[in-house]
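For reference, the structure discussed in these notes is given below.
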Amino acid sequence: GYGVYGALVGVYLITLTLTELITNNAAAALAFPIALGTARAFGVDPTPFVMIVAYGASAGFLIPFGYQTHLMVYSAGRYRMRDFLRAGLPVSLAYSLGVLALVPLVFPLQPA
């Protein structure tokens with residue numbers, strides 16, 4: 001009901017959620033077929049959807065489990081989950097808003 005832009009946001013959120021829980025490579029591998037199928041279902045160019053997956057898979061700022069260096073800092077620095085959330089939430093929100101605003105401008109959602 002939200003159209004192609006809503007689908008783009010949905011694919012981004014799926015990829016973002018996956019990348020917080022598993023590695024970014026695995027998140028991209030799982031989200032790519034969803035993005036491609038969604039673009040084909042809407043009959044639009046798949047490039048914006050593929051780029052959304054790439055950017056979403058690189059957006060692991062909230063918890064330390066999605067990326068190896070986050071885990072290294074997490075244990076060595078004796079950080080808590082709350083510390084990652086406090087620092088990562090503003091970064092994640094700004095990054096997400098930037099990606100969701102700029103991807104459709106740089107890679108238009110034109111019919112395939």
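We name chains A, B, ... following the order of the structure tokens; residues begin at 1 in each chain, and ligands are numbered from 1 as shown.
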Using only C-alpha atoms, which residues sit within 10 Å of stretch 62-67 of chain A once same-chain residues fewer than 2 positions away are excluded, as a VMD selection string? chain A and resid 16 to 24 27 57 to 60 69 to 75 79 to 92
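Remark: for A:Thr47, the closest of the candidate residues A:Leu8, A:Leu13, A:Ala26, A:Ala101 is A:Leu8 (distances computed over only C-alpha atoms).
Distance annotation: of A:Ile34, A:Val9, A:Ala28, A:Ala76, the residue with the minimal separation from A:Pro46 is A:Ile34; atom set is only C-alpha atoms.
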Selection: 10 Å around A:Val11, only C-alpha atoms, excl. self and same-chain fewer than 5 positions, as a list in words: Tyr5, Gly6, Leu16, Thr17, Ala31, Phe32, Ile34, Ala35, Leu36, Thr38, Phe49, Val50, Ile52, Val53 and Gly56 of chain A
Enumerate, as a ChimeraX atom specification, the complete set of residues in stretch 38-91 of chain A that a backbone-based DSSP assignment places in helix (DSSP H, G or I). /A:38-42,47-57,64-66,68-76,81-91
Output of the above residues as a compact mmCIF listing (two decimals), in the first residue's frame, restricted to N, CA and C atoms:
# COMPACT_ATOMS: atom_id res chain seq x y z
N THR A 38 11.67 -7.85 -5.40
CA THR A 38 10.79 -6.71 -5.16
C THR A 38 10.83 -5.72 -6.32
N ALA A 39 12.04 -5.43 -6.80
CA ALA A 39 12.17 -4.51 -7.94
C ALA A 39 11.47 -5.07 -9.17
N ARG A 40 11.63 -6.36 -9.40
CA ARG A 40 10.97 -6.98 -10.56
C ARG A 40 9.46 -6.97 -10.40
N ALA A 41 8.97 -7.18 -9.17
CA ALA A 41 7.53 -7.18 -8.93
C ALA A 41 6.92 -5.80 -9.20
N PHE A 42 7.66 -4.75 -8.91
CA PHE A 42 7.19 -3.39 -9.17
C PHE A 42 7.50 -2.94 -10.59
N THR A 47 18.56 -1.32 -9.75
CA THR A 47 19.75 -0.66 -9.21
C THR A 47 19.50 0.03 -7.87
N PRO A 48 18.43 0.82 -7.68
CA PRO A 48 18.21 1.43 -6.36
C PRO A 48 18.03 0.40 -5.24
N PHE A 49 17.39 -0.70 -5.55
CA PHE A 49 17.19 -1.75 -4.55
C PHE A 49 18.49 -2.43 -4.20
N VAL A 50 19.33 -2.66 -5.18
CA VAL A 50 20.64 -3.26 -4.93
C VAL A 50 21.50 -2.32 -4.10
N MET A 51 21.45 -1.04 -4.42
CA MET A 51 22.23 -0.06 -3.66
C MET A 51 21.72 0.06 -2.22
N ILE A 52 20.41 -0.03 -2.04
CA ILE A 52 19.85 0.00 -0.69
C ILE A 52 20.35 -1.17 0.13
N VAL A 53 20.47 -2.33 -0.50
CA VAL A 53 21.02 -3.50 0.20
C VAL A 53 22.48 -3.25 0.56
N ALA A 54 23.25 -2.70 -0.37
CA ALA A 54 24.66 -2.44 -0.09
C ALA A 54 24.83 -1.45 1.05
N TYR A 55 24.06 -0.38 1.04
CA TYR A 55 24.16 0.62 2.10
C TYR A 55 23.59 0.08 3.42
N GLY A 56 22.51 -0.65 3.35
CA GLY A 56 21.93 -1.23 4.56
C GLY A 56 22.83 -2.25 5.21
N ALA A 57 23.56 -3.02 4.41
CA ALA A 57 24.48 -4.01 4.95
C ALA A 57 25.69 -3.36 5.60
N PRO A 64 27.09 -4.53 19.04
CA PRO A 64 28.44 -4.96 18.69
C PRO A 64 28.55 -6.30 17.99
N PHE A 65 27.46 -7.01 17.79
CA PHE A 65 27.55 -8.38 17.29
C PHE A 65 27.64 -8.50 15.78
N GLY A 66 27.35 -7.45 15.05
CA GLY A 66 27.33 -7.54 13.60
C GLY A 66 28.68 -7.37 12.92
N GLN A 68 33.18 -7.54 13.42
CA GLN A 68 34.26 -8.08 14.23
C GLN A 68 34.95 -7.03 15.09
N THR A 69 35.25 -5.87 14.51
CA THR A 69 35.95 -4.85 15.29
C THR A 69 35.09 -4.30 16.41
N HIS A 70 33.78 -4.29 16.22
CA HIS A 70 32.90 -3.87 17.31
C HIS A 70 33.04 -4.83 18.49
N LEU A 71 33.13 -6.12 18.21
CA LEU A 71 33.28 -7.09 19.29
C LEU A 71 34.63 -6.95 19.98
N MET A 72 35.68 -6.65 19.22
CA MET A 72 36.99 -6.46 19.83
C MET A 72 36.98 -5.27 20.79
N VAL A 73 36.39 -4.17 20.37
CA VAL A 73 36.32 -2.99 21.22
C VAL A 73 35.38 -3.22 22.39
N TYR A 74 34.30 -3.94 22.14
CA TYR A 74 33.29 -4.21 23.16
C TYR A 74 33.90 -4.93 24.36
N SER A 75 34.68 -5.96 24.10
CA SER A 75 35.26 -6.72 25.21
C SER A 75 36.47 -6.02 25.81
N ALA A 76 37.36 -5.51 24.99
CA ALA A 76 38.58 -4.88 25.50
C ALA A 76 38.29 -3.58 26.24
N MET A 81 26.16 -2.80 26.25
CA MET A 81 25.24 -2.65 25.12
C MET A 81 24.66 -1.24 25.09
N ARG A 82 24.39 -0.70 26.24
CA ARG A 82 23.83 0.65 26.35
C ARG A 82 24.77 1.69 25.73
N ASP A 83 26.07 1.50 25.87
CA ASP A 83 27.05 2.43 25.29
C ASP A 83 26.97 2.41 23.76
N PHE A 84 26.84 1.22 23.20
CA PHE A 84 26.72 1.12 21.74
C PHE A 84 25.42 1.75 21.26
N LEU A 85 24.34 1.51 21.97
CA LEU A 85 23.06 2.09 21.57
C LEU A 85 23.08 3.62 21.67
N ARG A 86 23.68 4.13 22.72
CA ARG A 86 23.73 5.58 22.92
C ARG A 86 24.54 6.27 21.83
N ALA A 87 25.66 5.67 21.45
CA ALA A 87 26.50 6.28 20.41
C ALA A 87 26.00 5.93 19.00
N GLY A 88 25.46 4.73 18.84
CA GLY A 88 25.09 4.25 17.51
C GLY A 88 23.74 4.72 17.00
N LEU A 89 22.80 4.98 17.89
CA LEU A 89 21.46 5.36 17.45
C LEU A 89 21.44 6.66 16.66
N PRO A 90 22.08 7.74 17.12
CA PRO A 90 22.08 8.96 16.30
C PRO A 90 22.80 8.77 14.96
N VAL A 91 23.88 8.00 14.97
CA VAL A 91 24.60 7.74 13.72
C VAL A 91 23.73 6.93 12.77
Near-stretch 103-110 of chain A list (6 Å; only C-alpha atoms; drop same-chain fewer than 4 positions) as a VMD selection string: chain A and resid 44 to 45 48 99
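Minimum distance to A:Tyr12 across A:Ala112, A:Ala29, A:Leu100, A:Leu93 (counting only C-alpha atoms) occurs at A:Leu100.
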Counting only C-alpha atoms, the option among A:Leu30, A:Tyr95, A:Gly37, A:Gly43 closest to A:Phe61: A:Tyr95
